[in-house]
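Structure below is protein06.txt: compact mmCIF, C-alpha atoms and all ligand atoms.
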# COMPACT_ATOMS: atom_id res chain seq x y z
CA MET A 4 0.00 0.00 0.00
CA SER A 5 1.30 3.49 -0.77
CA ARG A 6 2.22 5.66 2.18
CA ASN A 7 -0.40 8.22 1.01
CA THR A 8 -3.12 5.59 1.20
CA ALA A 9 -1.90 4.32 4.58
CA LEU A 10 -1.89 7.88 5.96
CA PHE A 11 -5.37 8.52 4.58
CA GLU A 12 -6.74 5.37 6.22
CA ARG A 13 -5.10 6.38 9.49
CA ALA A 14 -6.37 9.98 9.19
CA CYS A 15 -9.92 8.74 8.69
CA GLN A 16 -9.81 7.08 12.13
CA THR A 17 -9.57 10.37 14.01
CA ILE A 18 -10.33 13.17 11.53
CA PRO A 19 -13.78 13.35 9.86
CA GLY A 20 -13.21 12.30 6.26
CA GLY A 21 -9.48 12.29 6.96
CA VAL A 22 -9.11 16.01 6.19
CA ASN A 23 -9.45 19.41 7.83
CA SER A 24 -11.19 21.02 4.84
CA PRO A 25 -13.59 19.04 2.64
CA VAL A 26 -12.32 19.48 -0.94
CA ARG A 27 -8.91 18.11 0.09
CA ALA A 28 -10.46 14.65 0.48
CA PHE A 29 -10.69 13.93 -3.29
CA ARG A 30 -14.25 12.70 -2.73
CA SER A 31 -15.61 14.09 -5.99
CA VAL A 32 -12.71 12.73 -8.06
CA GLY A 33 -12.11 9.53 -6.10
CA GLY A 34 -8.85 8.04 -4.86
CA SER A 35 -6.60 8.89 -1.95
CA PRO A 36 -5.57 12.46 -1.30
CA ARG A 37 -1.84 13.09 -1.41
CA PHE A 38 -0.28 13.84 1.96
CA ILE A 39 2.23 16.59 1.40
CA THR A 40 5.58 16.51 3.14
CA ARG A 41 7.18 19.62 1.68
CA ALA A 42 6.92 22.19 -1.09
CA GLN A 43 9.37 24.44 -2.88
CA GLY A 44 8.76 26.94 -5.68
CA PRO A 45 6.21 25.42 -8.11
CA TYR A 46 6.58 21.90 -6.67
CA MET A 47 5.12 19.79 -3.86
CA TRP A 48 6.27 16.34 -2.72
CA ASP A 49 3.96 13.74 -1.22
CA ALA A 50 4.48 11.04 1.39
CA ASP A 51 5.57 8.57 -1.30
CA GLY A 52 8.25 10.97 -2.49
CA THR A 53 6.43 11.86 -5.72
CA ARG A 54 6.97 15.40 -7.00
CA TYR A 55 4.10 17.43 -8.43
CA ILE A 56 3.88 20.69 -10.33
CA ASP A 57 1.34 22.44 -8.11
CA TYR A 58 -1.50 24.53 -9.55
CA VAL A 59 -3.42 24.81 -6.27
CA GLY A 60 -0.86 26.92 -4.42
CA SER A 61 -2.57 26.33 -1.08
CA TRP A 62 -5.78 27.54 -2.80
CA GLY A 63 -4.27 30.91 -3.59
CA PRO A 64 -1.76 32.15 -1.02
CA ALA A 65 1.40 30.71 -2.61
CA ILE A 66 1.71 33.48 -5.21
CA LEU A 67 5.49 33.69 -4.88
CA GLY A 68 5.88 29.93 -5.10
CA HIS A 69 6.20 27.71 -2.05
CA ALA A 70 8.72 28.42 0.69
CA HIS A 71 10.09 31.58 -0.89
CA PRO A 72 13.49 32.08 0.84
CA GLU A 73 12.82 35.67 1.87
CA VAL A 74 9.40 34.84 3.30
CA ILE A 75 10.77 31.87 5.22
CA ARG A 76 13.64 33.91 6.61
CA THR A 77 11.27 36.67 7.72
CA VAL A 78 8.97 34.20 9.42
CA GLN A 79 11.90 32.59 11.23
CA GLU A 80 13.14 35.96 12.43
CA ALA A 81 9.66 36.94 13.64
CA ALA A 82 9.10 33.62 15.41
CA VAL A 83 12.21 34.07 17.55
CA ASN A 84 10.59 37.16 19.10
CA GLY A 85 7.48 35.30 20.24
CA LEU A 86 4.51 33.73 18.53
CA SER A 87 1.61 35.78 19.87
CA PHE A 88 1.15 38.61 22.34
CA GLY A 89 -2.53 39.55 22.36
CA ALA A 90 -1.34 43.18 22.34
CA PRO A 91 -0.68 45.50 19.41
CA THR A 92 2.52 45.47 17.39
CA GLU A 93 4.11 47.86 14.89
CA GLY A 94 3.88 45.17 12.20
CA GLU A 95 0.08 45.44 12.31
CA ILE A 96 0.31 49.14 11.51
CA GLU A 97 2.73 48.44 8.69
CA ILE A 98 0.52 45.85 7.03
CA ALA A 99 -2.58 48.04 7.46
CA GLU A 100 -0.67 50.90 5.83
CA ALA A 101 0.59 48.61 3.07
CA ILE A 102 -2.94 47.41 2.27
CA ALA A 103 -4.47 50.90 2.43
CA ALA A 104 -1.68 52.32 0.25
CA ARG A 105 -2.31 49.70 -2.43
CA ILE A 106 -6.12 49.56 -2.47
CA PRO A 107 -7.62 53.05 -2.65
CA SER A 108 -11.11 52.00 -1.45
CA ILE A 109 -9.60 50.82 1.86
CA GLU A 110 -9.11 53.70 4.28
CA LYS A 111 -9.15 51.57 7.40
CA VAL A 112 -8.63 47.85 7.76
CA ARG A 113 -9.03 45.25 10.53
CA LEU A 114 -7.07 41.99 10.51
CA VAL A 115 -8.61 38.62 11.30
CA SER A 116 -7.33 35.07 10.83
CA SER A 117 -9.33 33.71 7.87
CA GLY A 118 -11.44 34.69 4.91
CA THR A 119 -14.50 33.34 6.68
CA GLU A 120 -14.04 35.73 9.57
CA ALA A 121 -13.49 38.60 7.14
CA THR A 122 -16.72 38.05 5.20
CA MET A 123 -18.78 37.16 8.28
CA THR A 124 -17.74 40.41 9.92
CA ALA A 125 -18.15 42.47 6.76
CA ILE A 126 -21.78 41.33 6.61
CA ARG A 127 -22.32 42.15 10.29
CA LEU A 128 -20.74 45.56 9.73
CA ALA A 129 -22.94 46.27 6.71
CA ARG A 130 -26.01 45.35 8.74
CA GLY A 131 -24.86 47.38 11.73
CA TYR A 132 -24.05 50.39 9.59
CA THR A 133 -27.27 50.41 7.58
CA GLY A 134 -29.60 49.10 10.26
CA ARG A 135 -31.01 46.71 7.66
CA SER A 136 -31.19 42.91 7.65
CA LYS A 137 -31.32 41.54 4.11
CA ILE A 138 -28.24 40.67 2.08
CA ILE A 139 -27.80 39.67 -1.54
CA LYS A 140 -25.38 36.94 -2.59
CA PHE A 141 -25.01 35.03 -5.85
CA GLU A 142 -25.36 31.32 -6.55
CA GLY A 143 -21.99 29.62 -6.91
CA CYS A 144 -20.11 32.32 -5.00
CA TYR A 145 -18.45 31.10 -1.82
CA HIS A 146 -17.78 33.52 0.98
CA GLY A 147 -16.60 31.19 3.73
CA HIS A 148 -18.78 29.21 6.08
CA ALA A 149 -20.71 31.76 8.14
CA ASP A 150 -24.32 30.59 8.53
CA SER A 151 -26.04 33.31 6.52
CA LEU A 152 -23.66 32.78 3.58
CA LEU A 153 -23.94 28.99 3.27
CA VAL A 154 -26.80 29.22 0.81
CA LYS A 155 -26.27 27.98 -2.74
CA ALA A 156 -22.56 28.42 -2.16
CA GLY A 157 -19.66 27.44 -4.39
CA SER A 158 -16.39 25.56 -3.77
CA GLY A 159 -16.83 22.37 -1.70
CA MET A 160 -20.56 22.99 -1.37
CA LEU A 161 -20.88 22.95 -5.13
CA THR A 162 -18.34 20.16 -5.62
CA PHE A 163 -20.34 17.83 -3.39
CA GLY A 164 -23.69 18.89 -4.85
CA ASN A 165 -24.90 20.05 -1.46
CA PRO A 166 -24.95 23.81 -1.81
CA THR A 167 -26.90 24.65 1.35
CA SER A 168 -25.52 23.28 4.60
CA ALA A 169 -27.38 21.23 7.18
CA GLY A 170 -27.29 22.79 10.62
CA VAL A 171 -28.24 26.25 9.42
CA PRO A 172 -31.73 27.10 10.72
CA GLN A 173 -34.11 28.59 8.16
CA GLU A 174 -34.38 31.65 10.40
CA PHE A 175 -30.66 32.32 9.92
CA ILE A 176 -30.93 32.48 6.14
CA GLN A 177 -34.33 34.09 5.75
CA HIS A 178 -32.60 37.41 5.11
CA THR A 179 -30.24 36.03 2.45
CA ILE A 180 -31.47 36.69 -1.09
CA VAL A 181 -29.68 34.45 -3.59
CA LEU A 182 -29.54 35.61 -7.21
CA ASP A 183 -27.86 34.52 -10.44
CA TYR A 184 -24.32 35.80 -11.00
CA ASN A 185 -24.11 38.17 -13.98
CA LYS A 186 -27.88 38.77 -14.12
CA LEU A 187 -28.23 42.43 -13.29
CA ASP A 188 -31.95 42.49 -14.04
CA ASP A 189 -32.59 40.11 -11.15
CA VAL A 190 -30.66 42.41 -8.82
CA LYS A 191 -32.72 45.36 -10.03
CA ALA A 192 -35.91 43.42 -9.35
CA ALA A 193 -34.73 42.49 -5.84
CA PHE A 194 -34.02 46.15 -5.06
CA LYS A 195 -37.39 47.13 -6.46
CA GLN A 196 -39.08 44.73 -4.08
CA PHE A 197 -36.89 45.09 -0.97
CA GLY A 198 -34.88 48.28 -1.65
CA ASP A 199 -34.88 49.81 1.82
CA GLU A 200 -34.36 46.47 3.59
CA ILE A 201 -31.15 45.46 1.81
CA ALA A 202 -27.98 46.05 3.85
CA CYS A 203 -25.50 44.92 1.23
CA ILE A 204 -24.55 42.92 -1.80
CA ILE A 205 -21.61 40.57 -1.31
CA VAL A 206 -19.99 39.35 -4.50
CA GLU A 207 -16.84 37.69 -5.75
CA PRO A 208 -16.05 40.38 -8.35
CA ILE A 209 -14.41 37.62 -10.39
CA ALA A 210 -15.90 34.34 -9.25
CA GLY A 211 -13.38 31.64 -8.37
CA ASN A 212 -15.48 29.15 -6.45
CA MET A 213 -17.58 27.81 -9.31
CA ASN A 214 -14.43 27.48 -11.37
CA LEU A 215 -13.39 30.87 -12.83
CA ILE A 216 -16.30 32.98 -14.06
CA LYS A 217 -15.71 36.57 -15.07
CA PRO A 218 -18.21 39.37 -14.47
CA ALA A 219 -20.23 40.28 -17.56
CA PRO A 220 -19.59 43.78 -18.94
CA GLY A 221 -21.55 46.24 -16.80
CA PHE A 222 -22.38 43.76 -14.02
CA LEU A 223 -20.10 45.19 -11.32
CA GLU A 224 -20.86 48.77 -12.41
CA GLY A 225 -24.57 47.96 -12.18
CA LEU A 226 -24.19 46.55 -8.67
CA ARG A 227 -22.36 49.70 -7.63
CA GLU A 228 -25.08 51.91 -9.03
CA LEU A 229 -27.92 49.98 -7.42
CA CYS A 230 -26.21 49.97 -4.01
CA THR A 231 -25.58 53.71 -4.18
CA GLN A 232 -29.14 54.39 -5.30
CA HIS A 233 -30.69 52.38 -2.49
CA GLY A 234 -28.28 53.12 0.37
CA ALA A 235 -26.94 49.57 0.50
CA LEU A 236 -23.24 48.72 0.81
CA LEU A 237 -21.28 46.91 -1.88
CA ILE A 238 -18.89 44.28 -0.51
CA PHE A 239 -16.26 42.90 -2.86
CA ASP A 240 -15.08 39.57 -1.52
CA GLU A 241 -11.52 39.68 -2.80
CA VAL A 242 -10.31 36.90 -0.50
CA MET A 243 -9.22 35.01 -3.61
CA THR A 244 -8.69 37.81 -6.13
CA GLY A 245 -7.01 40.35 -3.82
CA PHE A 246 -3.35 40.80 -4.86
CA ARG A 247 -3.87 37.76 -7.12
CA VAL A 248 -5.36 39.21 -10.32
CA GLY A 249 -3.44 42.49 -10.07
CA PRO A 250 -1.99 44.95 -7.56
CA GLN A 251 -5.41 46.36 -6.62
CA GLY A 252 -7.53 43.26 -7.03
CA VAL A 253 -10.54 43.21 -9.30
CA GLN A 254 -11.54 46.71 -8.21
CA GLY A 255 -8.36 48.01 -9.79
CA LEU A 256 -8.99 46.14 -13.03
CA ALA A 257 -12.67 47.02 -13.27
CA GLY A 258 -12.51 50.56 -11.92
CA VAL A 259 -15.44 49.89 -9.61
CA THR A 260 -15.15 51.00 -5.98
CA PRO A 261 -16.73 48.86 -3.27
CA ASP A 262 -17.63 50.15 0.20
CA ILE A 263 -16.02 47.18 1.96
CA THR A 264 -13.41 44.73 0.70
CA THR A 265 -12.55 41.38 2.23
CA LEU A 266 -9.08 39.89 1.84
CA ALA A 267 -7.18 36.77 2.96
CA LYS A 268 -4.97 34.17 1.23
CA VAL A 269 -2.19 36.24 -0.45
CA ILE A 270 -2.03 38.88 2.32
CA GLY A 271 -0.94 36.17 4.76
CA GLY A 272 1.79 34.78 2.52
CA GLY A 273 0.74 31.25 3.53
CA MET A 274 0.00 32.02 7.17
CA PRO A 275 -3.55 32.44 8.56
CA VAL A 276 -4.56 36.06 7.87
CA GLY A 277 -7.78 37.67 6.70
CA ALA A 278 -8.85 41.29 6.62
CA PHE A 279 -11.80 43.54 5.95
CA GLY A 280 -11.49 47.19 5.16
CA GLY A 281 -13.20 50.10 3.51
CA ARG A 282 -14.42 53.61 4.00
CA ALA A 283 -13.35 55.09 7.33
CA ASP A 284 -16.87 56.16 8.32
CA ILE A 285 -18.08 52.59 7.86
CA MET A 286 -15.09 50.95 9.55
CA GLU A 287 -15.54 53.21 12.57
CA HIS A 288 -18.70 51.28 13.41
CA ILE A 289 -16.48 48.39 14.53
CA ALA A 290 -15.63 47.89 18.24
CA PRO A 291 -14.01 49.53 20.17
CA LEU A 292 -15.11 52.68 18.27
CA GLY A 293 -18.59 51.53 17.39
CA PRO A 294 -21.36 49.08 18.27
CA VAL A 295 -20.53 46.27 15.79
CA TYR A 296 -18.56 43.64 17.67
CA GLN A 297 -15.62 41.67 16.35
CA ALA A 298 -12.49 40.30 18.01
CA GLY A 299 -9.84 37.58 17.76
CA THR A 300 -7.23 36.04 20.08
CA LEU A 301 -4.78 35.57 17.22
CA SER A 302 -5.89 38.51 15.04
CA GLY A 303 -2.86 40.37 13.70
CA ASN A 304 -0.59 37.53 14.79
CA PRO A 305 2.99 38.81 14.58
CA VAL A 306 4.41 35.87 12.62
CA ALA A 307 1.53 35.84 10.14
CA VAL A 308 1.76 39.61 9.71
CA ALA A 309 5.50 39.34 9.02
CA ALA A 310 4.83 36.74 6.31
CA GLY A 311 2.12 38.92 4.78
CA LEU A 312 4.17 42.09 4.82
CA VAL A 313 7.19 40.60 3.09
CA THR A 314 4.88 38.98 0.54
CA LEU A 315 3.20 42.30 -0.27
CA LYS A 316 6.65 43.89 -0.59
CA LEU A 317 7.83 41.24 -3.06
CA LEU A 318 4.62 41.60 -5.11
CA SER A 319 5.40 45.27 -5.62
CA GLU A 320 8.45 44.57 -7.72
CA PRO A 321 8.10 46.06 -11.21
CA GLY A 322 6.62 43.67 -13.75
CA PHE A 323 5.48 41.13 -11.16
CA TYR A 324 1.85 40.93 -12.29
CA GLU A 325 2.70 41.18 -16.00
CA ASN A 326 4.96 38.12 -15.64
CA LEU A 327 2.42 36.24 -13.57
CA ALA A 328 -0.38 36.91 -16.05
CA ALA A 329 1.86 35.91 -18.96
CA GLN A 330 2.49 32.50 -17.36
CA ALA A 331 -1.21 31.93 -16.65
CA LYS A 332 -1.94 32.83 -20.26
CA LYS A 333 0.68 30.41 -21.60
CA LEU A 334 -0.84 27.66 -19.51
CA ALA A 335 -4.46 28.40 -20.49
CA THR A 336 -3.82 28.80 -24.21
CA GLY A 337 -1.38 25.89 -24.27
CA LEU A 338 -3.90 23.56 -22.66
CA SER A 339 -6.67 24.74 -25.02
CA GLU A 340 -4.49 24.12 -28.08
CA ARG A 341 -3.55 20.63 -26.97
CA ALA A 342 -7.14 19.72 -26.14
CA ALA A 343 -8.28 21.00 -29.53
CA ALA A 344 -5.59 18.96 -31.30
CA ALA A 345 -6.89 15.86 -29.52
CA GLY A 346 -10.52 16.72 -30.29
CA VAL A 347 -11.50 17.14 -26.61
CA ALA A 348 -14.29 19.61 -25.79
CA PHE A 349 -12.33 21.91 -23.51
CA SER A 350 -11.78 25.60 -22.87
CA ALA A 351 -9.64 27.70 -20.56
CA ASP A 352 -9.56 31.26 -19.27
CA HIS A 353 -7.22 33.32 -17.12
CA VAL A 354 -6.86 36.63 -15.34
CA GLY A 355 -3.69 37.71 -13.55
CA GLY A 356 -2.35 34.66 -11.72
CA MET A 357 -5.68 32.84 -11.75
CA PHE A 358 -7.00 30.42 -14.37
CA GLY A 359 -10.00 28.23 -15.15
CA ILE A 360 -10.05 24.97 -17.09
CA TYR A 361 -13.43 23.75 -18.28
CA PHE A 362 -14.62 20.59 -19.94
CA ASN A 363 -17.02 22.76 -21.91
CA GLU A 364 -16.80 23.67 -25.59
CA LYS A 365 -16.75 27.40 -24.72
CA VAL A 366 -15.64 29.36 -21.66
CA PRO A 367 -18.72 29.44 -19.38
CA THR A 368 -20.13 32.84 -18.43
CA SER A 369 -22.68 31.81 -15.82
CA PHE A 370 -23.36 29.33 -13.06
CA ALA A 371 -25.82 27.52 -15.34
CA GLU A 372 -23.22 27.11 -18.07
CA VAL A 373 -20.41 25.97 -15.80
CA SER A 374 -22.81 23.46 -14.23
CA THR A 375 -22.93 21.60 -17.54
CA SER A 376 -19.17 20.85 -17.43
CA ASP A 377 -18.30 17.23 -18.17
CA THR A 378 -17.24 16.24 -14.65
CA GLU A 379 -16.53 12.63 -15.67
CA LEU A 380 -14.01 13.79 -18.23
CA PHE A 381 -12.54 16.21 -15.69
CA LYS A 382 -12.04 13.33 -13.26
CA ARG A 383 -10.15 11.30 -15.86
CA PHE A 384 -8.04 14.31 -16.81
CA PHE A 385 -7.33 15.13 -13.16
CA HIS A 386 -6.09 11.62 -12.31
CA ALA A 387 -4.09 11.18 -15.51
CA MET A 388 -2.30 14.48 -14.87
CA LEU A 389 -1.76 13.63 -11.19
CA ILE A 390 -0.17 10.29 -11.99
CA LYS A 391 2.22 12.08 -14.33
CA GLY A 392 3.11 14.66 -11.68
CA VAL A 393 0.76 17.62 -12.21
CA TYR A 394 -1.49 18.61 -9.32
CA PHE A 395 -4.67 20.50 -10.28
CA ALA A 396 -7.48 21.23 -7.82
CA PRO A 397 -9.44 18.02 -7.20
CA SER A 398 -12.74 19.52 -8.39
CA ALA A 399 -14.16 20.78 -11.68
CA PHE A 400 -15.53 23.80 -9.80
CA GLU A 401 -12.38 25.44 -8.48
CA ALA A 402 -10.11 28.02 -10.07
CA GLY A 403 -6.41 27.26 -10.45
CA PHE A 404 -3.37 29.36 -9.58
CA VAL A 405 0.08 29.94 -10.99
CA SER A 406 2.91 31.44 -8.99
CA ALA A 407 5.97 33.51 -9.84
CA ALA A 408 7.92 30.24 -9.68
CA HIS A 409 5.97 28.73 -12.59
CA ASP A 410 8.57 29.61 -15.20
CA ASP A 411 8.54 28.68 -18.88
CA GLN A 412 10.14 25.33 -18.26
CA VAL A 413 7.49 24.37 -15.68
CA ILE A 414 4.63 25.46 -17.95
CA GLN A 415 6.17 23.60 -20.89
CA ALA A 416 6.55 20.43 -18.82
CA THR A 417 2.87 20.71 -17.88
CA LEU A 418 1.81 21.18 -21.49
CA ASP A 419 3.90 18.21 -22.67
CA ILE A 420 2.17 16.00 -20.10
CA ALA A 421 -1.25 17.44 -20.99
CA GLU A 422 -0.64 16.62 -24.65
CA GLN A 423 -0.20 12.97 -23.79
CA VAL A 424 -3.18 12.98 -21.43
CA PHE A 425 -5.62 14.69 -23.84
CA ALA A 426 -4.61 12.24 -26.58
CA LYS A 427 -5.80 9.33 -24.42
CA LEU A 428 -8.92 10.91 -22.90
N1 LIG B 501 -14.25 34.12 0.17
C1 LIG B 501 -13.71 33.62 -0.95
C2 LIG B 501 -13.95 34.31 -2.25
C3 LIG B 501 -12.95 32.45 -0.90
O1 LIG B 501 -12.42 31.97 -2.02
C4 LIG B 501 -12.74 31.81 0.35
C5 LIG B 501 -11.92 30.55 0.49
N2 LIG B 501 -11.62 29.86 -0.63
C6 LIG B 501 -13.32 32.38 1.49
C7 LIG B 501 -14.07 33.54 1.36
C8 LIG B 501 -13.12 31.77 2.83
O2 LIG B 501 -11.81 31.93 3.25
P1 LIG B 501 -11.17 30.96 4.34
O3 LIG B 501 -11.12 29.60 3.74
O4 LIG B 501 -9.83 31.56 4.63
O5 LIG B 501 -12.06 31.00 5.55

Before we go any further, please render this structure as structure tokens.
Amino acid sequence: MSRNTALFERACQTIPGGVNSPVRAFRSVGGSPRFITRAQGPYMWDADGTRYIDYVGSWGPAILGHAHPEVIRTVQEAAVNGLSFGAPTEGEIEIAEAIAARIPSIEKVRLVSSGTEATMTAIRLARGYTGRSKIIKFEGCYHGHADSLLVKAGSGMLTFGNPTSAGVPQEFIQHTIVLDYNKLDDVKAAFKQFGDEIACIIVEPIAGNMNLIKPAPGFLEGLRELCTQHGALLIFDEVMTGFRVGPQGVQGLAGVTPDITTLAKVIGGGMPVGAFGGRADIMEHIAPLGPVYQAGTLSGNPVAVAAGLVTLKLLSEPGFYENLAAQAKKLATGLSERAAAAGVAFSADHVGGMFGIYFNEKVPTSFAEVSTSDTELFKRFFHAMLIKGVYFAPSAFEAGFVSAAHDDQVIQATLDIAEQVFAKL
């Protein structure tokens, strides 16, 4: 038996499903998950010593490649001074300043320890600020696992075909209005009916939890306009896209300004960090200044902040995002060409360091379209690539990520393997 399989069997004895986050379990694609022992640059090694080219990147954070020497050194230096104080540090000011300097819509920012905490609190803040209860989210968007957001959610919820969680009382979600992504008319209709009851819209401004789905032209602008018109707040959940698609997230690319932005993943450089920030007058409703409560024992953890700060610094190097986007483009177009040559119905898309691969003839533009992906074919592709040393996300409904360490040679190696795999699909 392989060591991966032995570890998985052992894990299942004491950990539900053998994993600490559901999609890791390979349930939708079958087989044993790989237990990772170490990672470096674009590569990960599993418990059997097999090396993989990694396109998951810890689901987004590993934008510099794994174990970047400067990040590791900074973390080591920070750790020597103590792991957690529960009192403020200068590093927290520096990272707040770094985030606010890069993202113009963020005047003030509060650090938390995960994306879930960031979105959960952003919703509470929007409700506290507006004094309204209803929220709008979109089917296939995932905003972490707070109760009111676990309705028709993406990522693992979508992967396992169970988009609304058990254990969430109806009363907790009665104020959540779920609409179709990219259908502005439905949002208009919702505002017409409930206008003065809607606290906020929360949206992934580029969706990455139902695979990669881009906003239709005018969609984000329309959301902005409706929120402004009706006194609701616009929350961009940039947990995945923040510092991933470009230096100012999607808001920088689209030129649309949200009231509140949520961040995580990249800003922690691989350590547990999340954040929510926005207009100062809104953020001042948070405790201790205002009546909206939020707190965290490990919030602003000094080691995590050090990892995040050095990561943000390295991302600011000239040409960083141009190079990253170029590699994602080479991967997406290269895969499409090889699939086409083999006669496989396949498409791919990319933005910044994020990409989508679809077993659909054309790049999907909606939840309905992406739902028709050939998941059986995806499964075969996924396993054939994995066996040959390429690790894609184990679900047809997740976006993929390249890092700065995915150089031409790594992309070419991936494409050579894909050529063989498509030919036999
Ligand atoms: N929002 C988005 C857009 C996400 O992609 C995720 C996680 N994939 C979350 C929120 C939740 O973040 P976390 O897993 O850190 O709680």

Select the residues contacting ligand LIG 501 (chain B) at a distance of at most 6 Å, based on all atoms listed in the file, then format the selection as a PDB file with C-alpha atoms, in the frame of the given file.
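Result file is pocket_28.pdb:
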ATOM      1  CA  SER A 117      -9.330  33.710   7.870  1.00  0.00           C
ATOM      2  CA  GLY A 118     -11.440  34.690   4.910  1.00  0.00           C
ATOM      3  CA  THR A 119     -14.500  33.340   6.680  1.00  0.00           C
ATOM      4  CA  TYR A 145     -18.450  31.100  -1.820  1.00  0.00           C
ATOM      5  CA  HIS A 146     -17.780  33.520   0.980  1.00  0.00           C
ATOM      6  CA  GLY A 147     -16.600  31.190   3.730  1.00  0.00           C
ATOM      7  CA  GLU A 207     -16.840  37.690  -5.750  1.00  0.00           C
ATOM      8  CA  ASP A 240     -15.080  39.570  -1.520  1.00  0.00           C
ATOM      9  CA  GLU A 241     -11.520  39.680  -2.800  1.00  0.00           C
ATOM     10  CA  VAL A 242     -10.310  36.900  -0.500  1.00  0.00           C
ATOM     11  CA  MET A 243      -9.220  35.010  -3.610  1.00  0.00           C
TER      12      MET A 243
END

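Relative to atom CA of Arg54 of chain A, atom CA of Phe395 of chain A is found at 13.1 Å.
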
- prompt: Could you work out how far atom CA of Leu226 of chain A lies from atom CA of Val190 of chain A, giving the answer in Å with one decimal?
  reply: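 Separation between atom CA of Val190 of chain A and atom CA of Leu226 of chain A: 7.7 Å.
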
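The residue that comes closest to Phe175 of chain A, out of A:Ile138, A:Ile205, A:Ala298, A:Ile102 and on the basis of only C-alpha atoms, is A:Ile138.
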
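One distance worth recording is that between atom CA of Phe370 of chain A and atom CA of Glu142 of chain A, which is 7.1 Å.
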
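Each of A:Leu237, A:Leu10, A:Leu380, A:Leu229 was checked against Ile285 of chain A using all atoms listed in the file; the smallest atom-to-atom distance is that of A:Leu237.
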
Neighbour residues at most 7 Å from (-13.3, 46.3, 12.7) (only C-alpha atoms) as a compact mmCIF listing (two decimals) with C-alpha atoms, in the coordinates of the input:
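Written out: part_22.txt:
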# COMPACT_ATOMS: atom_id res chain seq x y z
CA VAL A 112 -8.63 47.85 7.76
CA ARG A 113 -9.03 45.25 10.53
CA MET A 286 -15.09 50.95 9.55
CA ILE A 289 -16.48 48.39 14.53
CA ALA A 290 -15.63 47.89 18.24
CA GLN A 297 -15.62 41.67 16.35

For Leu215 of chain A: contacts at 6 Å, all atoms listed in the file, fewer than 2 positions along chain excluded, given as a list of chain:residue names: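 The residues that qualify are A:Ala210, A:Gly211, A:Gly359, A:Ala402.
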
field: Among the residues A:Asn165, A:Thr77, A:Asn214, A:Ser5, the one that comes closest to Ser374 of chain A [using all atoms listed in the file]
entry: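 Checking each of A:Asn165, A:Thr77, A:Asn214, A:Ser5 against Ser374 of chain A, counting all atoms listed in the file, the winner is A:Asn214.
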
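Take the candidates A:Thr260, A:Thr162, A:Thr40, A:Asn23 and check each one against Leu236 of chain A using only C-alpha atoms; the shortest distance goes to A:Thr260.
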
- request: Point out the residue among A:Asp262, A:Pro397, A:Val366, A:Thr314 with the least atom-to-atom distance to Arg76 of chain A, counting only C-alpha atoms.
  value: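 Looking only at the distances to Arg76 of chain A, the closest residue turns out to be A:Thr314.
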
query: Near Ile270 of chain A, within 8 Å and counting all atoms listed in the file, which residues show up once chain neighbours fewer than 4 positions away are dropped, as number ranges by chain?
result: A: 64, 246, 266, 276-277, 311-312, 314-315

Can you take the partial segment 128-138 of chain A, add N, CA and C atoms, and return it as a PDB file, keeping the file's coordinate frame?
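Contents of the output file result36.pdb:
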ATOM      1  N   LEU A 128     -21.013  44.120   9.787  1.00  0.00           N
ATOM      2  CA  LEU A 128     -20.740  45.560   9.730  1.00  0.00           C
ATOM      3  C   LEU A 128     -21.732  46.260   8.805  1.00  0.00           C
ATOM      4  N   ALA A 129     -21.995  45.653   7.653  1.00  0.00           N
ATOM      5  CA  ALA A 129     -22.940  46.270   6.710  1.00  0.00           C
ATOM      6  C   ALA A 129     -24.329  46.359   7.343  1.00  0.00           C
ATOM      7  N   ARG A 130     -24.705  45.320   8.078  1.00  0.00           N
ATOM      8  CA  ARG A 130     -26.010  45.350   8.740  1.00  0.00           C
ATOM      9  C   ARG A 130     -26.022  46.375   9.870  1.00  0.00           C
ATOM     10  N   GLY A 131     -24.945  46.418  10.623  1.00  0.00           N
ATOM     11  CA  GLY A 131     -24.860  47.380  11.730  1.00  0.00           C
ATOM     12  C   GLY A 131     -24.853  48.810  11.232  1.00  0.00           C
ATOM     13  N   TYR A 132     -24.177  49.025  10.143  1.00  0.00           N
ATOM     14  CA  TYR A 132     -24.050  50.390   9.590  1.00  0.00           C
ATOM     15  C   TYR A 132     -25.359  50.868   8.997  1.00  0.00           C
ATOM     16  N   THR A 133     -26.037  49.979   8.277  1.00  0.00           N
ATOM     17  CA  THR A 133     -27.270  50.410   7.580  1.00  0.00           C
ATOM     18  C   THR A 133     -28.517  50.243   8.448  1.00  0.00           C
ATOM     19  N   GLY A 134     -28.417  49.411   9.466  1.00  0.00           N
ATOM     20  CA  GLY A 134     -29.600  49.100  10.260  1.00  0.00           C
ATOM     21  C   GLY A 134     -30.601  48.241   9.494  1.00  0.00           C
ATOM     22  N   ARG A 135     -30.140  47.567   8.466  1.00  0.00           N
ATOM     23  CA  ARG A 135     -31.010  46.710   7.660  1.00  0.00           C
ATOM     24  C   ARG A 135     -30.575  45.242   7.799  1.00  0.00           C
ATOM     25  N   SER A 136     -31.466  44.331   7.418  1.00  0.00           N
ATOM     26  CA  SER A 136     -31.190  42.910   7.650  1.00  0.00           C
ATOM     27  C   SER A 136     -30.841  42.108   6.404  1.00  0.00           C
ATOM     28  N   LYS A 137     -31.462  42.424   5.279  1.00  0.00           N
ATOM     29  CA  LYS A 137     -31.320  41.540   4.110  1.00  0.00           C
ATOM     30  C   LYS A 137     -29.961  41.725   3.435  1.00  0.00           C
ATOM     31  N   ILE A 138     -29.478  40.618   2.874  1.00  0.00           N
ATOM     32  CA  ILE A 138     -28.240  40.670   2.080  1.00  0.00           C
ATOM     33  C   ILE A 138     -28.483  39.952   0.759  1.00  0.00           C
TER      34      ILE A 138
END
